[in-house]
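Visitor: Below you'll find input_20.pdb; it's PDB, C-alpha atoms.
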```pdb
ATOM      1  CA  MET A 673      32.138  21.900   7.584
ATOM      2  CA  GLY A 674      31.189  22.208   3.910
ATOM      3  CA  LYS A 675      27.958  23.726   2.620
ATOM      4  CA  ALA A 676      26.380  20.342   1.857
ATOM      5  CA  ALA A 677      27.180  19.084   5.372
ATOM      6  CA  GLU A 678      25.742  22.242   6.969
ATOM      7  CA  LEU A 679      22.530  21.962   4.959
ATOM      8  CA  GLU A 680      22.295  18.257   5.708
ATOM      9  CA  LYS A 681      22.657  18.899   9.432
ATOM     10  CA  LYS A 682      19.939  21.568   9.340
ATOM     11  CA  LEU A 683      17.545  19.410   7.333
ATOM     12  CA  LEU A 684      18.178  16.429   9.601
ATOM     13  CA  HIS A 685      17.354  18.562  12.638
ATOM     14  CA  TYR A 686      14.077  19.923  11.313
ATOM     15  CA  THR A 687      12.972  16.635   9.781
ATOM     16  CA  GLY A 688      13.727  14.768  12.998
ATOM     17  CA  LYS A 689      11.845  17.404  14.993
ATOM     18  CA  ALA A 690       8.780  17.148  12.727
ATOM     19  CA  ILE A 691       8.780  13.355  12.950
ATOM     20  CA  ALA A 692       8.962  13.568  16.748
ATOM     21  CA  ASP A 693       6.420  16.390  17.121
ATOM     22  CA  PHE A 694       3.773  14.606  15.074
ATOM     23  CA  ASN A 695       4.741  11.010  15.866
ATOM     24  CA  MET A 696       5.126  10.260  12.173
ATOM     25  CA  ILE A 697       7.223   7.092  12.294
ATOM     26  CA  GLN A 698       7.121   4.298  14.867
ATOM     27  CA  HIS A 699       9.044   1.080  15.401
ATOM     28  CA  GLY A 700       8.241  -1.466  12.693
ATOM     29  CA  ASP A 701       6.703   0.977  10.235
ATOM     30  CA  ARG A 702       6.984   0.238   6.536
ATOM     31  CA  VAL A 703       7.397   3.678   4.964
ATOM     32  CA  MET A 704       6.801   4.122   1.243
ATOM     33  CA  VAL A 705       8.588   7.269   0.086
ATOM     34  CA  CYS A 706       7.035   8.823  -3.004
ATOM     35  CA  LEU A 707      10.024   9.785  -5.140
ATOM     36  CA  SER A 708       8.673  11.962  -7.948
ATOM     37  CA  GLY A 709      12.097  12.858  -9.268
ATOM     38  CA  GLY A 710      11.957  16.423  -7.960
ATOM     39  CA  LYS A 711      14.277  18.163  -5.504
ATOM     40  CA  ASP A 712      11.871  17.819  -2.565
ATOM     41  CA  SER A 713      11.312  14.078  -2.776
ATOM     42  CA  PHE A 714      15.001  13.363  -3.427
ATOM     43  CA  THR A 715      15.900  15.388  -0.340
ATOM     44  CA  MET A 716      13.236  13.662   1.736
ATOM     45  CA  LEU A 717      14.447  10.199   0.752
ATOM     46  CA  ARG A 718      18.093  11.079   1.452
ATOM     47  CA  ILE A 719      17.300  12.585   4.871
ATOM     48  CA  LEU A 720      15.014   9.706   5.858
ATOM     49  CA  GLN A 721      17.709   7.228   4.879
ATOM     50  CA  LEU A 722      20.192   9.035   7.139
ATOM     51  CA  LEU A 723      17.675   9.119   9.995
ATOM     52  CA  GLN A 724      16.976   5.419   9.490
ATOM     53  CA  GLN A 725      20.678   4.667   9.895
ATOM     54  CA  ARG A 726      20.901   6.743  13.085
ATOM     55  CA  ALA A 727      17.494   6.120  14.647
ATOM     56  CA  GLU A 728      16.948   4.013  17.732
ATOM     57  CA  ILE A 729      13.772   2.599  16.200
ATOM     58  CA  ASN A 730      13.697   0.191  13.286
ATOM     59  CA  PHE A 731      11.615   1.093  10.256
ATOM     60  CA  GLU A 732      11.657   0.134   6.596
ATOM     61  CA  LEU A 733      12.135   2.523   3.697
ATOM     62  CA  PHE A 734      10.935   1.841   0.173
ATOM     63  CA  SER A 735      11.105   4.264  -2.741
ATOM     64  CA  PHE A 736       8.134   4.372  -5.106
ATOM     65  CA  THR A 737       8.234   6.343  -8.343
ATOM     66  CA  LEU A 738       5.263   6.711 -10.663
ATOM     67  CA  ASP A 739       6.143   7.130 -14.322
ATOM     68  CA  GLN A 740       3.060   8.933 -15.691
ATOM     69  CA  ALA A 741       4.242   8.573 -19.307
ATOM     70  CA  GLN A 742       5.026  12.259 -19.704
ATOM     71  CA  PRO A 743       6.978  13.165 -22.853
ATOM     72  CA  GLY A 744      10.699  13.281 -22.229
ATOM     73  CA  TRP A 745      10.580  11.129 -19.099
ATOM     74  CA  ASN A 746      13.955   9.498 -18.513
ATOM     75  CA  ASP A 747      14.533   7.692 -15.233
ATOM     76  CA  ALA A 748      17.874   6.051 -16.070
ATOM     77  CA  ASP A 749      19.862   8.335 -13.759
ATOM     78  CA  LEU A 750      17.247   8.013 -11.029
ATOM     79  CA  LYS A 751      17.507   4.210 -11.174
ATOM     80  CA  ALA A 752      21.280   4.398 -11.038
ATOM     81  CA  TRP A 753      21.123   6.724  -8.015
ATOM     82  CA  LEU A 754      18.800   4.353  -6.152
ATOM     83  CA  ASN A 755      20.842   1.278  -7.016
ATOM     84  CA  GLU A 756      24.096   2.946  -6.006
ATOM     85  CA  ARG A 757      22.644   3.621  -2.550
ATOM     86  CA  ARG A 758      20.997   0.199  -2.335
ATOM     87  CA  ILE A 759      17.568   1.681  -1.765
ATOM     88  CA  ALA A 760      14.722  -0.768  -2.363
ATOM     89  CA  HIS A 761      12.476   0.707  -5.020
ATOM     90  CA  GLU A 762      10.037   0.279  -7.864
ATOM     91  CA  ILE A 763       9.263   2.543 -10.812
ATOM     92  CA  LEU A 764       5.716   1.873 -11.967
ATOM     93  CA  THR A 765       4.489   3.086 -15.370
ATOM     94  CA  ARG A 766       0.866   4.216 -15.678
ATOM     95  CA  ASP A 767      -0.185   6.544 -18.490
ATOM     96  CA  THR A 768      -2.106   9.195 -16.563
ATOM     97  CA  TYR A 769      -0.589  11.891 -18.793
ATOM     98  CA  SER A 770      -2.809  10.970 -21.744
ATOM     99  CA  ILE A 771      -5.891  10.858 -19.516
ATOM    100  CA  VAL A 772      -5.226  14.343 -18.132
ATOM    101  CA  LYS A 773      -4.523  15.784 -21.588
ATOM    102  CA  GLU A 774      -7.708  14.190 -22.935
ATOM    103  CA  LYS A 775      -9.994  15.279 -20.094
ATOM    104  CA  ILE A 776      -8.683  18.799 -19.406
ATOM    105  CA  PRO A 777      -8.847  21.463 -22.135
ATOM    106  CA  GLU A 778      -5.589  23.195 -23.016
ATOM    107  CA  GLY A 779      -4.890  26.128 -20.728
ATOM    108  CA  GLN A 780      -7.007  24.899 -17.828
ATOM    109  CA  THR A 781      -5.809  23.445 -14.541
ATOM    110  CA  TYR A 782      -4.238  19.983 -14.845
ATOM    111  CA  CYS A 783      -3.137  19.637 -11.228
ATOM    112  CA  SER A 784      -6.387  18.510  -9.619
ATOM    113  CA  LEU A 785      -7.065  15.554 -11.939
ATOM    114  CA  CYS A 786      -3.381  14.661 -12.194
ATOM    115  CA  SER A 787      -3.052  14.599  -8.402
ATOM    116  CA  ARG A 788      -6.228  12.566  -7.960
ATOM    117  CA  LEU A 789      -5.105   9.908 -10.441
ATOM    118  CA  ARG A 790      -1.618   9.788  -8.944
ATOM    119  CA  ARG A 791      -2.956   9.572  -5.392
ATOM    120  CA  GLY A 792      -5.242   6.668  -6.293
ATOM    121  CA  ILE A 793      -2.359   4.688  -7.783
ATOM    122  CA  ILE A 794      -0.084   5.449  -4.803
ATOM    123  CA  TYR A 795      -2.689   4.401  -2.235
ATOM    124  CA  ARG A 796      -3.558   1.223  -4.102
ATOM    125  CA  TYR A 797       0.101   0.239  -4.451
ATOM    126  CA  ALA A 798       0.820   0.925  -0.757
ATOM    127  CA  GLU A 799      -2.154  -1.178   0.305
ATOM    128  CA  GLU A 800      -1.276  -4.077  -2.003
ATOM    129  CA  LYS A 801       2.353  -4.135  -0.820
ATOM    130  CA  GLY A 802       1.596  -3.620   2.878
ATOM    131  CA  TYR A 803       3.192  -0.199   3.428
ATOM    132  CA  ASN A 804       1.478   1.462   6.383
ATOM    133  CA  LYS A 805       2.948   4.953   5.898
ATOM    134  CA  VAL A 806       3.128   7.012   2.698
ATOM    135  CA  ALA A 807       5.696   9.837   2.798
ATOM    136  CA  LEU A 808       5.277  12.945   0.648
ATOM    137  CA  GLY A 809       7.859  15.691   0.149
ATOM    138  CA  HIS A 810       5.830  18.828   0.902
ATOM    139  CA  HIS A 811       7.841  21.410   2.834
ATOM    140  CA  ARG A 812       7.143  24.491   4.963
ATOM    141  CA  ASP A 813       6.655  26.802   1.987
ATOM    142  CA  ASP A 814       4.181  24.406   0.366
ATOM    143  CA  LEU A 815       2.078  24.529   3.537
ATOM    144  CA  ILE A 816       1.979  28.302   3.889
ATOM    145  CA  ARG A 817       1.420  28.915   0.165
ATOM    146  CA  THR A 818      -1.452  26.439   0.187
ATOM    147  CA  LEU A 819      -2.931  28.199   3.221
ATOM    148  CA  LEU A 820      -2.859  31.595   1.517
ATOM    149  CA  MET A 821      -4.133  30.182  -1.792
ATOM    150  CA  SER A 822      -7.039  28.525  -0.004
ATOM    151  CA  ILE A 823      -7.976  31.799   1.675
ATOM    152  CA  LEU A 824      -7.622  33.949  -1.442
ATOM    153  CA  TYR A 825      -8.983  31.640  -4.115
ATOM    154  CA  ASN A 826     -11.223  29.097  -2.330
ATOM    155  CA  GLY A 827     -12.565  31.002   0.656
ATOM    156  CA  GLU A 828     -11.369  28.348   3.103
ATOM    157  CA  ILE A 829      -8.774  28.169   5.858
ATOM    158  CA  ARG A 830      -6.960  24.939   5.059
ATOM    159  CA  SER A 831      -3.539  23.615   4.162
ATOM    160  CA  MET A 832      -1.598  20.324   4.308
ATOM    161  CA  PRO A 833      -1.419  18.466   7.641
ATOM    162  CA  PRO A 834       1.928  16.902   8.615
ATOM    163  CA  LYS A 835       0.152  13.607   9.270
ATOM    164  CA  LEU A 836      -3.107  12.593   7.628
ATOM    165  CA  LEU A 837      -5.512   9.681   7.807
ATOM    166  CA  SER A 838      -6.956   9.165   4.337
ATOM    167  CA  ASP A 839     -10.697   9.456   3.707
ATOM    168  CA  ASN A 840     -11.089   5.674   3.522
ATOM    169  CA  LYS A 841      -9.162   5.337   6.836
ATOM    170  CA  ARG A 842      -6.719   2.856   5.255
ATOM    171  CA  HIS A 843      -3.649   5.029   4.782
ATOM    172  CA  ILE A 844      -1.554   7.380   6.884
ATOM    173  CA  VAL A 845       0.247  10.066   4.897
ATOM    174  CA  ILE A 846       3.228  11.805   6.470
ATOM    175  CA  ARG A 847       5.100  14.938   5.409
ATOM    176  CA  PRO A 848       8.483  14.846   7.178
ATOM    177  CA  LEU A 849       9.739  18.099   5.599
ATOM    178  CA  VAL A 850       7.012  20.393   6.989
ATOM    179  CA  TYR A 851       9.542  22.381   9.047
ATOM    180  CA  CYS A 852      12.100  22.619   6.213
ATOM    181  CA  GLN A 853      12.484  25.689   4.017
ATOM    182  CA  GLU A 854      12.399  25.304   0.255
ATOM    183  CA  ALA A 855      15.540  27.415  -0.118
ATOM    184  CA  ASP A 856      17.498  24.948   2.021
ATOM    185  CA  ILE A 857      16.085  21.998   0.094
ATOM    186  CA  ALA A 858      16.944  23.570  -3.265
ATOM    187  CA  ALA A 859      20.487  24.377  -2.131
ATOM    188  CA  PHE A 860      20.952  20.867  -0.727
ATOM    189  CA  ALA A 861      19.646  19.253  -3.927
ATOM    190  CA  LYS A 862      22.095  21.330  -5.948
ATOM    191  CA  GLU A 863      25.018  20.407  -3.686
ATOM    192  CA  MET A 864      24.060  16.715  -3.857
ATOM    193  CA  ALA A 865      23.545  16.845  -7.642
ATOM    194  CA  PHE A 866      20.371  14.783  -7.490
ATOM    195  CA  PRO A 867      19.290  13.479 -10.922
ATOM    196  CA  ILE A 868      16.181  15.670 -11.135
ATOM    197  CA  ILE A 869      13.419  14.721 -13.574
ATOM    198  CA  PRO A 870      11.413  17.811 -14.620
ATOM    199  CA  CYS A 871       7.612  17.706 -14.831
ATOM    200  CA  THR A 872       6.394  18.591 -18.339
ATOM    201  CA  LEU A 873       2.682  18.584 -17.518
ATOM    202  CA  CYS A 874       2.577  21.504 -15.093
ATOM    203  CA  GLY A 875       2.427  25.156 -16.085
ATOM    204  CA  SER A 876      -1.277  25.376 -15.388
ATOM    205  CA  GLN A 877      -3.346  28.168 -13.910
ATOM    206  CA  GLU A 878      -2.982  26.702 -10.412
ATOM    207  CA  ASN A 879       0.790  26.793 -10.631
ATOM    208  CA  LEU A 880       0.628  30.381 -11.895
ATOM    209  CA  MET A 881      -1.454  31.341  -8.845
ATOM    210  CA  ARG A 882       0.945  29.456  -6.587
ATOM    211  CA  LYS A 883       3.894  31.396  -8.043
ATOM    212  CA  ARG A 884       2.093  34.701  -7.450
ATOM    213  CA  VAL A 885       1.321  33.731  -3.847
ATOM    214  CA  ALA A 886       4.921  32.609  -3.342
ATOM    215  CA  ALA A 887       6.149  35.954  -4.680
ATOM    216  CA  LEU A 888       3.799  37.800  -2.318
ATOM    217  CA  ILE A 889       5.061  35.870   0.716
ATOM    218  CA  ASP A 890       8.673  36.417  -0.362
ATOM    219  CA  GLN A 891       8.018  40.155  -0.710
ATOM    220  CA  LEU A 892       6.481  40.328   2.770
ATOM    221  CA  ALA A 893       9.384  38.277   4.151
ATOM    222  CA  GLN A 894      11.842  40.870   2.838
ATOM    223  CA  GLU A 895      10.099  43.435   5.064
ATOM    224  CA  ASN A 896       9.663  41.012   7.980
ATOM    225  CA  PRO A 897      11.673  37.753   7.872
ATOM    226  CA  LYS A 898       9.336  36.173  10.433
ATOM    227  CA  VAL A 899       6.330  36.191   8.079
ATOM    228  CA  PRO A 900       6.804  32.606   6.738
ATOM    229  CA  SER A 901       7.451  31.103  10.169
ATOM    230  CA  ASN A 902       4.514  33.059  11.622
ATOM    231  CA  MET A 903       2.252  31.655   8.909
ATOM    232  CA  LEU A 904       3.408  28.126   9.692
ATOM    233  CA  HIS A 905       2.848  28.717  13.403
ATOM    234  CA  ALA A 906      -0.662  29.978  12.632
ATOM    235  CA  LEU A 907      -1.501  26.481  11.393
ATOM    236  CA  THR A 908      -0.721  25.152  14.869
ATOM    237  CA  SER A 909      -2.494  27.901  16.799
ATOM    238  CA  LEU A 910      -6.140  28.087  15.752
ATOM    239  CA  LYS A 911      -8.542  30.416  17.572
ATOM    240  CA  PRO A 912     -12.014  29.268  16.384
ATOM    241  CA  SER A 913     -13.821  31.688  18.711
ATOM    242  CA  GLN A 914     -12.162  34.584  16.867
ATOM    243  CA  LEU A 915     -13.465  33.450  13.472
ATOM    244  CA  MET A 916     -16.886  33.242  11.811
ATOM    245  CA  ASP A 917     -17.463  29.500  11.479
ATOM    246  CA  LYS A 918     -20.892  28.755  12.995
ATOM    247  CA  ASN A 919     -19.871  25.128  13.508
ATOM    248  CA  PHE A 920     -17.437  26.285  16.209
ATOM    249  CA  TRP A 921     -19.309  29.220  17.717
ATOM    250  CA  ASP A 922     -23.080  29.309  18.285
ATOM    251  CA  PHE A 923     -23.800  32.964  17.513
ATOM    252  CA  LYS A 924     -27.581  32.556  17.844
ATOM    253  CA  GLN A 925     -27.324  31.366  21.427
ATOM    254  CA  LEU A 926     -24.786  33.877  22.790
ATOM    255  CA  GLU A 927     -27.426  35.938  24.601
ATOM    256  CA  LYS A 928     -28.881  32.850  26.233
ATOM    257  CA  GLN A 929     -25.414  31.660  27.235
ATOM    258  CA  LYS A 930     -24.714  35.050  28.771
ATOM    259  CA  VAL A 931     -27.951  34.927  30.842
ATOM    260  CA  ASN A 932     -27.259  31.375  31.987
ATOM    261  CA  LEU A 933     -23.746  32.312  33.060
ATOM    262  CA  ILE A 934     -25.031  35.306  35.048
ATOM    263  CA  ASN A 935     -27.682  33.148  36.741
ATOM    264  CA  GLU A 936     -25.090  30.545  37.677
ATOM    265  CA  GLU A 937     -22.861  33.196  39.206
ATOM    266  CA  GLU A 938     -25.770  34.671  41.204
ATOM    267  CA  GLU A 939     -26.936  31.315  42.629
ATOM    268  CA  PRO A 940     -26.132  31.137  46.359
ATOM    269  CA  THR A 941     -23.628  28.516  47.367
ATOM    270  CA  VAL A 942     -24.681  25.987  50.022
TER     271      VAL A 942
END
```
Written as structure tokens, that's how I'd like the structure from this file.
Guide:
Amino acid sequence: MGKAAELEKKLLHYTGKAIADFNMIQHGDRVMVCLSGGKDSFTMLRILQLLQQRAEINFELFSFTLDQAQPGWNDADLKAWLNERRIAHEILTRDTYSIVKEKIPEGQTYCSLCSRLRRGIIYRYAEEKGYNKVALGHHRDDLIRTLLMSILYNGEIRSMPPKLLSDNKRHIVIRPLVYCQEADIAAFAKEMAFPIIPCTLCGSQENLMRKRVAALIDQLAQENPKVPSNMLHALTSLKPSQLMDKNFWDFKQLEKQKVNLINEEEEPTV
């Protein structure tokens, strides 16, 4: 078995497991895959297409690419790749690049506004076209880096859920690659020679912080290879009573709860 086949088998396994564990795709779903042109989304689309061909359930796949009018954007090879594989798709052009450059001063974080504009367009398109699932290409390392960034820089314990109901309750977002490692995805993308389109807008402070967090996790993983998988598992094993969130643990009433419990235990049984 060649390297590409081995990576494909591994990615198929973990993607299929994630879909099953979180009930991401059901019979009759119309899944809109957000193909940004990066290695992650190309891998996700390829793996989902293979799963669609092998799955016992029937679901529809549609590739959606948003051209944000970034300088140097060239989607000719991406179009050819999609057409060659007969994947239904649309590439929609909306100039969010100019908006972000106008609103955000040079050197400050672009990602938040860029993501918000992109998300709005994606949700609106999915709703107009009747796609009930929106698939994003975030992988295991995205989840654990986001967790650590949120703790270190935002003072919150949060990350990216594998399946999400949007704030307006109209969209379900799925992340089929949540169990997949970035290293495997990068190696697979290289083996498959996907026509990657680089992002020219990023390079912001947020991405610099993300790179530093990624380097920290990689350094810890060299000492203990289980660190990344332990971090991912932590997202599935919350212990609210061991934290400090007063919404989950009523610290003011602990004494009263203790007294009540003692009284209940001392009451004679009939």
Visitor: Would you mind telling me which residue in A:Val850, A:Ala886, A:Ile794, A:Met881 lies nearest to Val806 of chain A when using all atoms listed in the file?
Guide: A:Ile794
Visitor: Report the residues retrieved by the PyMOL selection byres ((chain A and resi 708) around 8) from the displayed file, expressed as a ChimeraX atom specification.
Guide: /A:706-707,709-710,713-714,737-738,869
Visitor: Suppose a student applies the PyMOL selection byres ((chain A and resi 730) around 9) to this structure; what residues should they get, written as a PyMOL selection string?
Guide: chain A and resi 698-701+724-725+727-729+731-732
Visitor: Hey, can you spit out that residue selection with C-alpha atoms as a PDB file, in the coordinates of the input?
Guide:
```pdb
ATOM      1  CA  GLN A 698       7.121   4.298  14.867  1.00  0.00           C
ATOM      2  CA  HIS A 699       9.044   1.080  15.401  1.00  0.00           C
ATOM      3  CA  GLY A 700       8.241  -1.466  12.693  1.00  0.00           C
ATOM      4  CA  ASP A 701       6.703   0.977  10.235  1.00  0.00           C
ATOM      5  CA  GLN A 724      16.976   5.419   9.490  1.00  0.00           C
ATOM      6  CA  GLN A 725      20.678   4.667   9.895  1.00  0.00           C
ATOM      7  CA  ALA A 727      17.494   6.120  14.647  1.00  0.00           C
ATOM      8  CA  GLU A 728      16.948   4.013  17.732  1.00  0.00           C
ATOM      9  CA  ILE A 729      13.772   2.599  16.200  1.00  0.00           C
ATOM     10  CA  PHE A 731      11.615   1.093  10.256  1.00  0.00           C
ATOM     11  CA  GLU A 732      11.657   0.134   6.596  1.00  0.00           C
TER      12      GLU A 732
END
```
Visitor: Return the single residue from A:Val885, A:Asn879, A:Asp856, A:Lys681 that is closest to Ile823 of chain A, with distances computed using only C-alpha atoms.
Guide: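 Among the listed residues, A:Val885 lies closest to Ile823 of chain A.
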Visitor: When distances are computed from all atoms listed in the file, which of A:Ile829, A:Ile857, A:Ile816, A:Ile771 shows the smallest separation from Leu684 of chain A?
Guide: A:Ile857
Visitor: I'd like the neighbourhood of Gln740 of chain A as a list in words, where a residue qualifies if any of its atoms comes within 10 Å (using all atoms listed in the file), though same-chain residues fewer than 3 positions away should be ignored.
Guide: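 Result of the neighbour search: Thr737, Pro743, Trp745, Leu764, Thr765, Arg766, Asp767, Thr768, Tyr769, Ser770, Ile771, Cys786, Leu789, Arg790, Cys871 and Leu873 of chain A.
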Visitor: Give me the residues within 12 Å of Ile759 of chain A as a PyMOL selection string, counting only C-alpha atoms and dropping any in the same chain fewer than 5 places off.
Guide: chain A and resi 704-705+707+717-718+720-722+724+732-736+750-754
Visitor: Given all atoms listed in the file as the basis, pick out the residue of A:Phe866, A:Asp813, A:Ala692, A:Ile844 nearest to Asn902 of chain A.
Guide: A:Asp813
Visitor: Give me the residues near segment 859-862 of chain A as an MDAnalysis selection string, where near means some atom within 8 Å (using all atoms listed in the file) and where sequence neighbours in that chain fewer than 6 positions away do not count.
Guide: chainID A and resid 676 679:680 711 714:715
Visitor: Would you export the selected residues with C-alpha atoms as a PDB file, keeping the file's coordinate frame, please?
Guide:
```
ATOM      1  CA  ALA A 676      26.380  20.342   1.857  1.00  0.00           C
ATOM      2  CA  LEU A 679      22.530  21.962   4.959  1.00  0.00           C
ATOM      3  CA  GLU A 680      22.295  18.257   5.708  1.00  0.00           C
ATOM      4  CA  LYS A 711      14.277  18.163  -5.504  1.00  0.00           C
ATOM      5  CA  PHE A 714      15.001  13.363  -3.427  1.00  0.00           C
ATOM      6  CA  THR A 715      15.900  15.388  -0.340  1.00  0.00           C
TER       7      THR A 715
END
```
